[in-house]
>>> print(open('coords-v1.cif').read())   # mmCIF, C-alpha atoms
data_structure
#
loop_
_atom_site.label_atom_id
_atom_site.label_comp_id
_atom_site.auth_asym_id
_atom_site.auth_seq_id
_atom_site.Cartn_x
_atom_site.Cartn_y
_atom_site.Cartn_z
CA MET A 1 76.52 -8.06 -5.15
CA ALA A 2 76.87 -6.97 -8.80
CA VAL A 3 73.14 -7.42 -9.38
CA ARG A 4 72.38 -5.44 -6.27
CA SER A 5 74.63 -2.59 -7.38
CA VAL A 6 72.55 -2.34 -10.57
CA VAL A 7 69.03 -2.97 -9.26
CA VAL A 8 69.13 -0.66 -6.24
CA PRO A 9 70.07 2.53 -8.12
CA ALA A 10 67.65 1.61 -10.91
CA VAL A 11 64.70 1.21 -8.53
CA ALA A 12 65.73 4.35 -6.65
CA SER A 13 65.89 6.33 -9.91
CA LEU A 14 62.48 5.07 -10.99
CA LEU A 15 60.98 5.98 -7.62
CA VAL A 16 62.58 9.42 -7.49
CA GLY A 17 61.51 10.23 -11.07
CA GLY A 18 57.99 8.98 -10.51
CA VAL A 19 57.46 10.73 -7.18
CA LEU A 20 58.91 14.03 -8.38
CA SER A 21 56.78 13.89 -11.52
CA ALA A 22 53.60 13.08 -9.59
CA GLY A 23 54.32 15.92 -7.17
CA ALA A 24 55.01 18.35 -9.99
CA VAL A 25 51.84 17.35 -11.87
CA VAL A 26 49.68 17.70 -8.75
CA GLY A 27 51.27 21.06 -7.89
CA LEU A 28 50.99 22.52 -11.38
CA THR A 29 47.42 21.29 -11.72
CA TRP A 30 46.49 22.78 -8.36
CA SER A 31 48.00 26.14 -9.31
CA ALA A 32 46.23 26.14 -12.69
CA GLU A 33 42.85 25.14 -11.28
CA GLU A 34 40.18 27.83 -11.14
CA THR A 35 37.88 27.36 -8.17
CA VAL A 36 36.85 30.95 -7.43
CA ARG A 37 35.14 33.29 -9.86
CA PRO A 38 37.34 36.32 -10.55
CA GLU A 39 35.76 39.68 -9.77
CA PRO A 40 34.56 41.20 -13.04
CA VAL A 41 35.72 44.60 -14.22
CA VAL A 42 32.71 46.89 -14.45
CA THR A 43 32.70 48.51 -17.89
CA ALA A 44 29.25 50.07 -18.03
CA ASP A 45 26.91 52.10 -15.89
CA PRO A 46 24.62 49.63 -14.09
CA SER A 47 21.96 52.32 -13.59
CA ALA A 48 21.60 52.58 -17.35
CA SER A 49 20.75 48.93 -17.79
CA VAL A 50 17.35 47.87 -18.90
CA LEU A 51 16.36 45.52 -16.08
CA GLY A 52 18.22 47.09 -13.17
CA ASP A 53 21.70 45.80 -12.40
CA VAL A 54 22.30 43.77 -15.51
CA GLN A 55 24.46 44.97 -18.36
CA TYR A 56 23.99 44.00 -21.96
CA GLY A 57 27.47 44.30 -23.40
CA SER A 58 29.03 47.00 -25.48
CA ARG A 59 29.06 45.73 -29.03
CA MET B 1 85.76 4.14 -22.92
CA ALA B 2 83.30 5.42 -20.28
CA ARG B 3 83.77 4.22 -16.73
CA PRO B 4 81.05 1.96 -15.17
CA THR B 5 80.15 4.58 -12.53
CA LEU B 6 79.63 7.23 -15.21
CA LEU B 7 77.49 4.81 -17.20
CA ARG B 8 75.47 3.90 -14.14
CA GLY B 9 74.93 7.56 -13.32
CA SER B 10 73.72 8.30 -16.83
CA ALA B 11 71.46 5.24 -16.69
CA CYS B 12 69.92 6.39 -13.43
CA VAL B 13 69.23 9.84 -14.86
CA LEU B 14 67.60 8.32 -17.94
CA LEU B 15 65.51 5.95 -15.82
CA ALA B 16 64.37 8.85 -13.62
CA ILE B 17 63.42 10.90 -16.67
CA GLY B 18 61.65 7.91 -18.21
CA SER B 19 59.77 7.19 -15.01
CA ALA B 20 58.78 10.85 -14.62
CA ALA B 21 57.51 10.97 -18.20
CA VAL B 22 55.48 7.76 -17.82
CA VAL B 23 53.90 9.00 -14.58
CA GLY B 24 53.06 12.28 -16.35
CA ALA B 25 51.62 10.40 -19.33
CA ILE B 26 49.37 8.40 -17.00
CA MET B 27 48.30 11.40 -14.91
CA LEU B 28 47.43 13.78 -17.76
CA PRO B 29 44.28 11.97 -18.92
CA THR B 30 43.39 10.40 -15.55
CA TYR B 31 44.01 13.27 -13.12
CA VAL B 32 44.82 16.55 -14.86
CA GLU B 33 42.07 16.35 -17.47
CA HIS B 34 39.39 15.82 -14.81
CA ARG B 35 40.63 18.90 -12.94
CA LEU B 36 41.37 21.29 -15.81
CA ALA B 37 38.92 20.28 -18.54
CA VAL B 38 36.13 22.35 -17.00
CA THR B 39 34.11 25.39 -18.02
CA PRO B 40 36.09 28.55 -17.15
CA LEU B 41 34.78 30.90 -14.46
CA ASP B 42 35.82 34.14 -16.17
CA ILE B 43 33.46 34.15 -19.15
CA ARG B 44 32.33 37.63 -20.17
CA THR B 45 31.20 37.74 -23.75
CA THR B 46 28.77 39.54 -26.01
CA THR B 47 27.10 37.82 -28.94
CA VAL B 48 25.16 39.71 -31.55
CA ALA B 49 22.77 38.12 -34.01
CA VAL B 50 21.33 40.23 -36.82
CA THR B 51 18.91 39.85 -39.69
CA ASP B 52 20.44 39.61 -43.14
CA PRO B 53 21.14 43.05 -44.65
CA GLY B 54 18.26 44.20 -46.82
CA THR B 55 15.95 41.45 -45.61
CA GLY B 56 14.85 42.32 -42.09
CA GLY B 57 12.10 40.65 -40.13
CA ASP B 58 8.39 41.04 -39.41
CA VAL B 59 7.31 42.48 -36.06
CA LEU B 60 3.86 43.08 -34.61
CA ASP B 61 3.44 46.80 -34.00
CA ALA B 62 2.51 46.87 -30.30
CA THR B 63 0.96 50.32 -30.59
CA SER B 64 -1.62 48.99 -33.06
CA ILE B 65 -3.29 47.05 -30.21
CA THR B 66 -4.65 50.26 -28.67
CA ARG B 67 -5.03 52.13 -31.95
CA PRO B 68 -8.28 51.97 -33.94
CA GLY B 69 -8.18 49.51 -36.81
CA PRO B 70 -6.74 46.03 -37.18
CA LEU B 71 -3.40 44.91 -35.78
CA SER B 72 -0.53 45.87 -38.02
CA VAL B 73 2.71 44.07 -38.66
CA ALA B 74 5.82 45.97 -39.70
CA THR B 75 7.80 44.14 -42.36
CA GLY B 76 11.43 44.34 -43.43
CA VAL B 77 12.51 45.56 -39.98
CA PRO B 78 16.28 45.26 -39.31
CA LEU B 79 16.62 43.39 -36.01
CA VAL B 80 19.45 42.88 -33.52
CA VAL B 81 19.48 40.24 -30.81
CA GLN B 82 22.27 40.94 -28.34
CA ARG B 83 23.28 38.66 -25.47
CA PHE B 84 25.77 39.63 -22.79
CA ILE B 85 26.87 36.47 -21.01
CA THR B 86 28.75 36.60 -17.73
CA THR B 87 29.58 34.17 -14.94
CA GLU B 88 27.97 34.94 -11.59
CA ASP B 89 27.68 33.41 -8.13
CA PRO B 90 27.16 30.64 -7.22
CA SER B 91 30.31 29.49 -9.06
CA ASP B 92 32.94 27.17 -7.60
CA ALA B 93 35.14 24.19 -8.45
CA ASP B 94 32.19 22.12 -9.65
CA ARG B 95 29.55 24.50 -11.00
CA VAL B 96 29.28 27.79 -12.82
CA THR B 97 26.35 30.17 -13.10
CA PHE B 98 25.76 31.85 -16.45
CA GLN B 99 23.78 35.06 -16.61
CA SER B 100 22.56 36.11 -20.01
CA GLY B 101 21.15 39.59 -20.43
CA ALA B 102 19.40 39.63 -23.80
CA THR B 103 17.73 42.36 -25.77
CA VAL B 104 15.83 42.24 -29.05
CA ARG B 105 15.95 45.64 -30.76
CA ARG B 106 14.84 47.30 -33.93
CA ALA B 107 17.98 48.65 -35.55
CA ASP B 108 16.00 51.34 -37.36
CA ARG B 109 15.00 53.09 -34.12
CA GLU B 110 17.19 54.76 -31.51
CA GLY B 111 17.34 53.91 -27.81
CA ASP B 112 14.30 52.64 -25.92
CA ALA B 113 12.03 53.25 -28.94
CA GLY B 114 13.73 50.35 -30.66
CA LEU B 115 13.62 47.93 -27.73
CA LEU B 116 11.22 45.04 -28.36
CA THR B 117 12.02 42.70 -25.47
CA ALA B 118 14.62 42.35 -22.71
CA SER B 119 15.30 39.44 -20.42
CA VAL B 120 17.77 38.18 -17.87
CA ASP B 121 18.30 34.44 -17.75
CA ARG B 122 20.35 32.63 -15.11
CA VAL B 123 21.32 28.99 -15.15
CA THR B 124 23.82 27.06 -13.05
CA VAL B 125 25.55 24.16 -14.80
CA ASP B 126 28.02 21.44 -13.90
CA ARG B 127 31.48 22.61 -15.05
CA ARG B 128 32.31 19.17 -16.45
CA THR B 129 29.05 17.89 -17.95
CA SER B 130 27.44 21.29 -18.79
CA GLN B 131 24.12 19.91 -17.46
CA PRO B 132 21.94 22.23 -15.34
CA VAL B 133 22.29 21.73 -11.58
CA ASP B 134 20.93 23.46 -8.45
CA PRO B 135 20.01 26.23 -7.80
CA VAL B 136 17.13 26.10 -10.23
CA ALA B 137 17.44 28.40 -13.27
CA SER B 138 15.47 31.65 -13.41
CA LEU B 139 14.22 34.19 -15.90
CA GLN B 140 13.26 37.85 -15.56
CA THR B 141 11.31 39.41 -18.40
CA THR B 142 9.55 42.36 -16.80
CA VAL B 143 11.03 45.47 -15.22
CA GLY B 144 10.26 45.72 -11.52
CA LYS B 145 9.18 42.10 -11.20
CA PRO B 146 11.45 39.46 -9.70
CA ALA B 147 12.87 36.61 -11.75
CA ILE B 148 10.73 33.49 -11.81
CA PRO B 149 12.13 29.96 -11.51
CA VAL B 150 12.30 28.19 -14.86
CA PRO B 151 13.63 24.65 -14.32
CA ARG B 152 15.32 23.12 -17.33
CA THR B 153 17.19 20.04 -18.42
CA GLY B 154 18.78 20.76 -21.81
CA TYR B 155 22.14 22.23 -22.75
CA GLN B 156 22.16 25.98 -23.11
CA GLN B 157 25.34 28.09 -23.19
CA ARG B 158 27.54 25.20 -24.28
CA PHE B 159 27.54 21.52 -25.18
CA PRO B 160 29.44 18.87 -23.16
CA PHE B 161 33.15 18.31 -23.55
CA ASP B 162 33.77 15.62 -26.17
CA THR B 163 30.46 16.30 -27.93
CA GLN B 164 29.30 13.29 -29.93
CA PRO B 165 27.47 13.19 -33.30
CA ILE B 166 24.17 12.27 -31.65
CA THR B 167 20.93 14.03 -30.65
CA TYR B 168 21.12 16.32 -27.61
CA SER B 169 18.40 18.07 -25.64
CA VAL B 170 18.84 21.84 -25.94
CA TYR B 171 17.04 24.54 -23.95
CA ASP B 172 15.03 27.06 -25.94
CA ALA B 173 14.87 30.52 -24.36
CA THR B 174 11.69 31.47 -26.21
CA ALA B 175 9.67 28.36 -25.32
CA TRP B 176 11.26 27.96 -21.84
CA THR B 177 11.62 24.26 -22.49
CA SER B 178 14.00 21.88 -24.24
CA PHE B 179 13.85 20.42 -27.71
CA PRO B 180 16.03 17.79 -29.39
CA ALA B 181 18.94 19.06 -31.49
CA GLU B 182 19.79 16.42 -34.07
CA PHE B 183 23.27 15.94 -35.48
CA VAL B 184 23.31 16.97 -39.13
CA GLU B 185 26.90 16.86 -40.37
CA GLU B 186 30.53 17.53 -39.59
CA ILE B 187 31.97 20.57 -41.33
CA SER B 188 35.18 22.58 -41.17
CA MET B 189 35.40 26.23 -40.12
CA ASP B 190 38.84 27.78 -40.65
CA GLY B 191 40.33 24.30 -40.44
CA LEU B 192 38.55 23.45 -37.18
CA PRO B 193 36.22 20.40 -37.21
CA ILE B 194 32.72 21.56 -36.27
CA TYR B 195 29.54 19.60 -35.57
CA HIS B 196 26.32 20.99 -37.01
CA PHE B 197 23.12 20.31 -35.05
CA ARG B 198 19.58 21.34 -35.94
CA THR B 199 16.48 21.90 -33.81
CA GLN B 200 13.09 22.12 -35.48
CA VAL B 201 10.03 23.30 -33.59
CA THR B 202 6.64 23.48 -35.26
CA GLY B 203 3.55 25.14 -33.78
CA ALA B 204 4.56 24.93 -30.12
CA ASP B 205 1.83 26.31 -27.85
CA LEU B 206 3.69 28.87 -25.73
CA SER B 207 0.88 28.99 -23.16
CA GLU B 208 1.83 25.46 -22.12
CA THR B 209 5.45 26.27 -21.29
CA THR B 210 5.77 30.03 -20.71
CA GLN B 211 4.08 32.76 -18.68
CA SER B 212 3.04 35.83 -20.64
CA PRO B 213 -0.05 38.04 -20.83
CA ILE B 214 -0.02 37.64 -24.62
CA ASN B 215 -0.05 33.83 -24.65
CA SER B 216 -3.81 33.92 -25.09
CA VAL B 217 -5.45 37.10 -26.34
CA THR B 218 -9.12 37.89 -26.91
CA LEU B 219 -9.91 40.73 -29.32
CA PRO B 220 -12.80 41.69 -31.61
CA ALA B 221 -12.63 39.89 -34.95
CA SER B 222 -12.12 43.20 -36.74
CA LYS B 223 -9.03 43.88 -34.62
CA TRP B 224 -7.58 40.55 -35.69
CA GLY B 225 -8.25 41.61 -39.27
CA LEU B 226 -10.88 38.88 -39.73
CA GLU B 227 -13.59 39.83 -42.18
CA GLY B 228 -17.25 38.92 -41.93
CA LEU B 229 -17.28 38.32 -38.17
CA GLY B 230 -17.96 41.91 -37.08
CA GLU B 231 -17.10 42.62 -33.45
CA GLN B 232 -17.35 39.00 -32.33
CA SER B 233 -14.71 38.18 -29.68
CA ILE B 234 -12.06 35.86 -30.99
CA THR B 235 -9.40 34.26 -28.80
CA MET B 236 -6.08 33.39 -30.32
CA LYS B 237 -3.08 31.73 -28.74
CA ARG B 238 0.57 32.47 -29.32
CA TYR B 239 2.44 29.72 -31.11
CA TYR B 240 6.10 29.30 -31.92
CA SER B 241 8.04 27.62 -34.68
CA THR B 242 11.74 27.74 -35.41
CA VAL B 243 14.57 26.09 -37.24
CA ARG B 244 17.79 26.56 -35.30
CA ASP B 245 21.19 25.57 -36.62
CA ILE B 246 23.83 25.18 -33.91
CA TYR B 247 27.54 24.83 -34.64
CA VAL B 248 29.68 23.21 -31.94
CA GLU B 249 33.42 22.64 -31.61
CA PRO B 250 33.17 19.03 -30.37
CA ARG B 251 36.32 18.75 -28.23
CA SER B 252 35.45 21.70 -25.95
CA GLY B 253 31.68 21.77 -26.52
CA SER B 254 31.92 25.50 -27.33
CA LEU B 255 29.22 27.07 -29.47
CA VAL B 256 30.92 28.71 -32.45
CA GLY B 257 28.00 29.83 -34.53
CA GLY B 258 24.29 29.74 -34.98
CA ARG B 259 21.46 30.69 -37.20
CA GLU B 260 17.76 30.58 -36.44
CA GLN B 261 14.40 31.39 -37.94
CA PRO B 262 12.09 32.15 -35.00
CA TYR B 263 8.43 32.63 -35.88
CA GLN B 264 5.87 33.60 -33.24
CA TYR B 265 2.31 34.05 -34.32
CA PHE B 266 -1.26 34.29 -33.10
CA ALA B 267 -3.62 31.64 -34.36
CA ARG B 268 -6.72 29.66 -33.53
CA ASP B 269 -5.17 26.58 -35.13
CA PRO B 270 -1.38 26.20 -34.78
CA ALA B 271 -1.19 24.97 -38.37
CA VAL B 272 -2.78 28.18 -39.68
CA PRO B 273 -0.83 31.31 -38.60
CA GLU B 274 -3.05 34.43 -38.60
CA VAL B 275 -1.12 37.37 -37.11
CA THR B 276 2.67 37.51 -36.94
CA VAL B 277 4.22 38.53 -33.62
CA PHE B 278 7.84 38.06 -34.61
CA LYS B 279 9.39 36.48 -37.68
CA ALA B 280 13.02 36.74 -38.73
CA THR B 281 16.10 34.91 -39.86
CA LEU B 282 18.93 35.71 -37.48
CA GLY B 283 22.59 34.76 -37.67
CA LEU B 284 25.62 35.57 -35.53
CA ASP B 285 27.48 38.57 -36.92
CA GLU B 286 30.98 38.05 -38.37
CA ASP B 287 32.82 39.55 -35.37
CA GLY B 288 30.91 37.33 -32.97
CA GLN B 289 31.50 34.22 -35.02
CA LYS B 290 35.23 34.93 -35.31
CA GLU B 291 35.53 35.55 -31.56
CA GLN B 292 33.69 32.33 -30.73
CA LEU B 293 35.80 30.39 -33.21
CA ASP B 294 39.08 31.77 -31.85
CA ARG B 295 38.07 30.94 -28.29
CA ALA B 296 36.97 27.44 -29.28
CA ARG B 297 40.23 26.85 -31.14
CA GLU B 298 42.22 27.86 -28.03
CA SER B 299 40.19 25.52 -25.80
CA ALA B 300 40.43 22.66 -28.29
CA THR B 301 44.20 23.02 -28.53
CA LYS B 302 44.61 22.94 -24.74
CA LEU B 303 42.38 19.88 -24.49
CA MET B 304 44.30 18.19 -27.29
CA TRP B 305 47.53 18.56 -25.29
CA LEU B 306 45.83 17.16 -22.17
CA THR B 307 44.25 14.14 -23.80
CA ASP B 308 46.23 13.29 -26.96
CA ARG B 309 49.45 15.10 -27.77
CA GLY B 310 50.75 15.43 -24.20
CA PRO B 311 50.34 11.74 -23.25
CA VAL B 312 51.74 10.55 -26.62
CA LEU B 313 54.79 12.79 -26.24
CA LEU B 314 55.36 11.72 -22.64
CA TRP B 315 54.90 8.00 -23.41
CA SER B 316 57.51 8.38 -26.17
CA VAL B 317 60.00 10.20 -23.94
CA GLY B 318 59.30 7.75 -21.12
CA GLY B 319 59.75 4.69 -23.32
CA VAL B 320 63.02 5.93 -24.79
CA GLY B 321 64.33 6.97 -21.35
CA LEU B 322 63.48 3.63 -19.73
CA VAL B 323 64.90 1.51 -22.56
CA LEU B 324 68.13 3.53 -22.85
CA GLY B 325 68.50 3.70 -19.06
CA ALA B 326 68.03 -0.05 -18.70
CA ALA B 327 70.51 -0.74 -21.51
CA LEU B 328 73.15 1.53 -19.99
CA LEU B 329 72.61 -0.07 -16.61
CA VAL B 330 73.16 -3.56 -18.05
CA VAL B 331 76.33 -2.39 -19.84
CA SER B 332 77.67 -0.72 -16.69
CA GLY B 333 76.93 -3.90 -14.69
CA ARG B 334 78.92 -6.07 -17.16
CA ARG B 335 81.87 -3.70 -17.18
CA SER B 336 82.04 -3.53 -13.41
CA GLN B 337 82.19 -7.37 -13.34
CA ARG B 338 85.35 -7.44 -15.55
#
>>> encode(input="coords-v1.cif", output="structure tokens")
Amino acid sequence: MAVRSVVVPAVASLLVGGVLSAGAVVGLTWSAEETVRPEPVVTADPSASVLGDVQYGSR
Amino acid sequence: MARPTLLRGSACVLLAIGSAAVVGAIMLPTYVEHRLAVTPLDIRTTTVAVTDPGTGGDVLDATSITRPGPLSVATGVPLVVQRFITTEDPSDADRVTFQSGATVRRADREGDAGLLTASVDRVTVDRRTSQPVDPVASLQTTVGKPAIPVPRTGYQQRFPFDTQPITYSVYDATAWTSFPAEFVEEISMDGLPIYHFRTQVTGADLSETTQSPINSVTLPASKWGLEGLGEQSITMKRYYSTVRDIYVEPRSGSLVGGREQPYQYFARDPAVPEVTVFKATLGLDEDGQKEQLDRARESATKLMWLTDRGPVLLWSVGGVGLVLGAALLVVSGRRSQR
């Protein structure tokens, strides 16, 4: 009985900690992942570019 | 003296924290790194390479082809090579497309008068390995003409994550093919470990790898500046040599600096250059180098937390939590038996 009162909460704590951690890691990773290219901010006049619609930077 | 239930509660909290930390320590390098250690999709950067002040380069004067008299080569010309690199579609979770709009300009002439060449290069690479993948890469070098497919195999805009001190195949935008870049040494730039690679190309026949109307040119001997052959037609091919030094931050594979000595020339024998087309020593300007270095440092630090510091910290927290939790649990068990 005494052993059970120690082992059960210990296993439960380990499981809860592990599952919560795994969930948090997966969730944070998913939110930090970049799977779509962000729309660029146009900073120059495309019609002024040398080969049509390509810009060459501003520096 | 603390009651057994309080001890048991504290033990459970410590065990949960320890377990959470251990799971995190295991998942960082096995799960998170695979997902987050990838090439970003929001790259938008300009790099500028210039000739050393007061030195300049040698450039064939294109107008001398139609002018009477032999071809002339301008010397000591200040040159600027500017690349504007952006990410374009197709880009997704696994691949990213780099577009590099590049111009080579004479800095001593304004506007279009100073423009020597312009090109738009597109290559799609794997976001984890940095190796080219489908769709096939392309290159546009002429206004009004579509880009042509230029398949390639070597690294281009970046090296792989966890770059090793070995020889890599690197794409050369002038020769449209790849050459080996050999590891030279490890150096330090602003405290950041950097790998130095070097590519050496000698007398590469550009007609074998590129498409250009000036890869093979037939002109009267006098136009080439050859004496004693009169107006005899002489055909020369365009050859290319270079020594390119590439500096890479090894953890992220980011390029942080570069210096090259491109030399294009017309010749009948590749070992005997006769008329220079383009010859210069070009290095990234200070602003560009600092920007690249700062970006590489940021990436390297993030990767360090994913692969080294983070797991070590979490293993430590986990170990302490599990040991203390287990100890408290044993103590609470003994007390509850009394």
>>> resolve_selection(input="coords-v1.cif", expression="the PyMOL selection byres ((chain B and resi 12) around 8)", output="list in words")
Pro9, Ala10, Ser13 and Leu14 of chain A; Arg8, Gly9, Ser10, Ala11, Val13, Leu14, Leu15, Ala16, Gly325 and Leu329 of chain B
>>> atom_distance(input="coords-v1.cif", atom1="CA of Trp315 (chain B)", atom2="CA of Gly18 (chain A)")
13.3 Å
>>> closest_residue(input="coords-v1.cif", among="B:Thr167, B:Trp176, B:Leu328, B:Gln211", to="Thr142 (chain B)", atoms="all atoms listed in the file")
B:Gln211
>>> resolve_selection(input="coords-v1.cif", expression="the PyMOL selection byres ((chain A and resi 26) around 12)", output="list in words")
Val19, Leu20, Ser21, Ala22, Gly23, Ala24, Val25, Gly27, Leu28, Thr29, Trp30, Ser31, Ala32 and Glu33 of chain A; Val23, Gly24, Met27, Leu28, Thr30, Tyr31, Val32, Glu33, Arg35 and Leu36 of chain B
>>> atom_distance(input="coords-v1.cif", atom1="CA of Ala49 (chain B)", atom2="CA of Gly283 (chain B)")
5.0 Å
>>> resolve_selection(input="coords-v1.cif", expression="the PyMOL selection byres ((chain B) within 8 of (chain A))", output="short mmCIF file (atom, residue, chain, number, x, y, z; two decimals) with C-alpha atoms, in the frame of the given file")
data_model
loop_
_atom_site.label_atom_id
_atom_site.label_comp_id
_atom_site.auth_asym_id
_atom_site.auth_seq_id
_atom_site.Cartn_x
_atom_site.Cartn_y
_atom_site.Cartn_z
CA ARG B 8 75.47 3.90 -14.14
CA ALA B 11 71.46 5.24 -16.69
CA CYS B 12 69.92 6.39 -13.43
CA VAL B 13 69.23 9.84 -14.86
CA LEU B 15 65.51 5.95 -15.82
CA ALA B 16 64.37 8.85 -13.62
CA ILE B 17 63.42 10.90 -16.67
CA GLY B 18 61.65 7.91 -18.21
CA SER B 19 59.77 7.19 -15.01
CA ALA B 20 58.78 10.85 -14.62
CA ALA B 21 57.51 10.97 -18.20
CA VAL B 22 55.48 7.76 -17.82
CA VAL B 23 53.90 9.00 -14.58
CA GLY B 24 53.06 12.28 -16.35
CA MET B 27 48.30 11.40 -14.91
CA VAL B 32 44.82 16.55 -14.86
CA ARG B 35 40.63 18.90 -12.94
CA LEU B 36 41.37 21.29 -15.81
CA PRO B 40 36.09 28.55 -17.15
CA LEU B 41 34.78 30.90 -14.46
CA ASP B 42 35.82 34.14 -16.17
CA THR B 45 31.20 37.74 -23.75
CA THR B 46 28.77 39.54 -26.01
CA VAL B 48 25.16 39.71 -31.55
CA GLN B 82 22.27 40.94 -28.34
CA ARG B 83 23.28 38.66 -25.47
CA PHE B 84 25.77 39.63 -22.79
CA THR B 87 29.58 34.17 -14.94
CA GLU B 88 27.97 34.94 -11.59
CA ASP B 89 27.68 33.41 -8.13
CA SER B 91 30.31 29.49 -9.06
CA ASP B 92 32.94 27.17 -7.60
CA ALA B 93 35.14 24.19 -8.45
CA ASP B 94 32.19 22.12 -9.65
CA GLY B 101 21.15 39.59 -20.43
CA ALA B 102 19.40 39.63 -23.80
CA THR B 103 17.73 42.36 -25.77
CA ALA B 118 14.62 42.35 -22.71
CA SER B 119 15.30 39.44 -20.42
CA VAL B 120 17.77 38.18 -17.87
CA THR B 142 9.55 42.36 -16.80
CA VAL B 143 11.03 45.47 -15.22
CA GLY B 144 10.26 45.72 -11.52
CA ALA B 326 68.03 -0.05 -18.70
CA LEU B 329 72.61 -0.07 -16.61
CA VAL B 330 73.16 -3.56 -18.05
CA GLY B 333 76.93 -3.90 -14.69
CA SER B 336 82.04 -3.53 -13.41
CA GLN B 337 82.19 -7.37 -13.34
#
>>> residues_around(input="coords-v1.cif", residues="Thr163 (chain B)", least_positions_apart="5", cutoff="10 Å", atoms="all atoms listed in the file", output="PyMOL selection string")
chain B and resi 168+195+248-254
>>> residues_around(input="coords-v1.cif", residues="Leu206 (chain B)", least_positions_apart="2", cutoff="10 Å", atoms="all atoms listed in the file", output="count of residues only")
19
>>> atom_distance(input="coords-v1.cif", atom1="CA of Leu71 (chain B)", atom2="CA of Val275 (chain B)")
8.0 Å
>>> decode(input="coords-v1.cif", residues="region 288-303 of chain B", atoms="N, CA and C atoms", output="compact mmCIF listing (two decimals), in the first residue's frame")
# COMPACT_ATOMS: atom_id res chain seq x y z
N GLY B 288 28.52 45.27 -46.53
CA GLY B 288 27.99 43.96 -46.89
C GLY B 288 28.55 42.87 -46.00
N GLN B 289 29.84 42.93 -45.77
CA GLN B 289 30.48 41.91 -44.94
C GLN B 289 29.95 41.94 -43.51
N LYS B 290 29.75 43.16 -42.99
CA LYS B 290 29.26 43.29 -41.62
C LYS B 290 27.83 42.75 -41.51
N GLU B 291 27.01 43.09 -42.51
CA GLU B 291 25.62 42.60 -42.52
C GLU B 291 25.59 41.08 -42.54
N GLN B 292 26.39 40.48 -43.44
CA GLN B 292 26.42 39.03 -43.57
C GLN B 292 26.88 38.38 -42.28
N LEU B 293 27.89 39.01 -41.66
CA LEU B 293 28.45 38.47 -40.43
C LEU B 293 27.44 38.53 -39.29
N ASP B 294 26.72 39.66 -39.19
CA ASP B 294 25.71 39.81 -38.14
C ASP B 294 24.61 38.77 -38.30
N ARG B 295 24.19 38.59 -39.56
CA ARG B 295 23.11 37.62 -39.82
C ARG B 295 23.58 36.20 -39.50
N ALA B 296 24.81 35.90 -39.87
CA ALA B 296 25.35 34.56 -39.62
C ALA B 296 25.48 34.32 -38.11
N ARG B 297 25.90 35.37 -37.38
CA ARG B 297 26.06 35.22 -35.94
C ARG B 297 24.70 34.91 -35.29
N GLU B 298 23.65 35.60 -35.76
CA GLU B 298 22.30 35.39 -35.21
C GLU B 298 21.85 33.95 -35.48
N SER B 299 22.05 33.48 -36.71
CA SER B 299 21.65 32.11 -37.06
C SER B 299 22.45 31.10 -36.25
N ALA B 300 23.74 31.33 -36.12
CA ALA B 300 24.60 30.39 -35.39
C ALA B 300 24.18 30.30 -33.92
N THR B 301 23.82 31.43 -33.35
CA THR B 301 23.41 31.43 -31.94
C THR B 301 22.12 30.64 -31.75
N LYS B 302 21.16 30.86 -32.65
CA LYS B 302 19.90 30.10 -32.57
C LYS B 302 20.15 28.60 -32.70
N LEU B 303 21.01 28.24 -33.66
CA LEU B 303 21.30 26.82 -33.87
C LEU B 303 22.02 26.22 -32.67
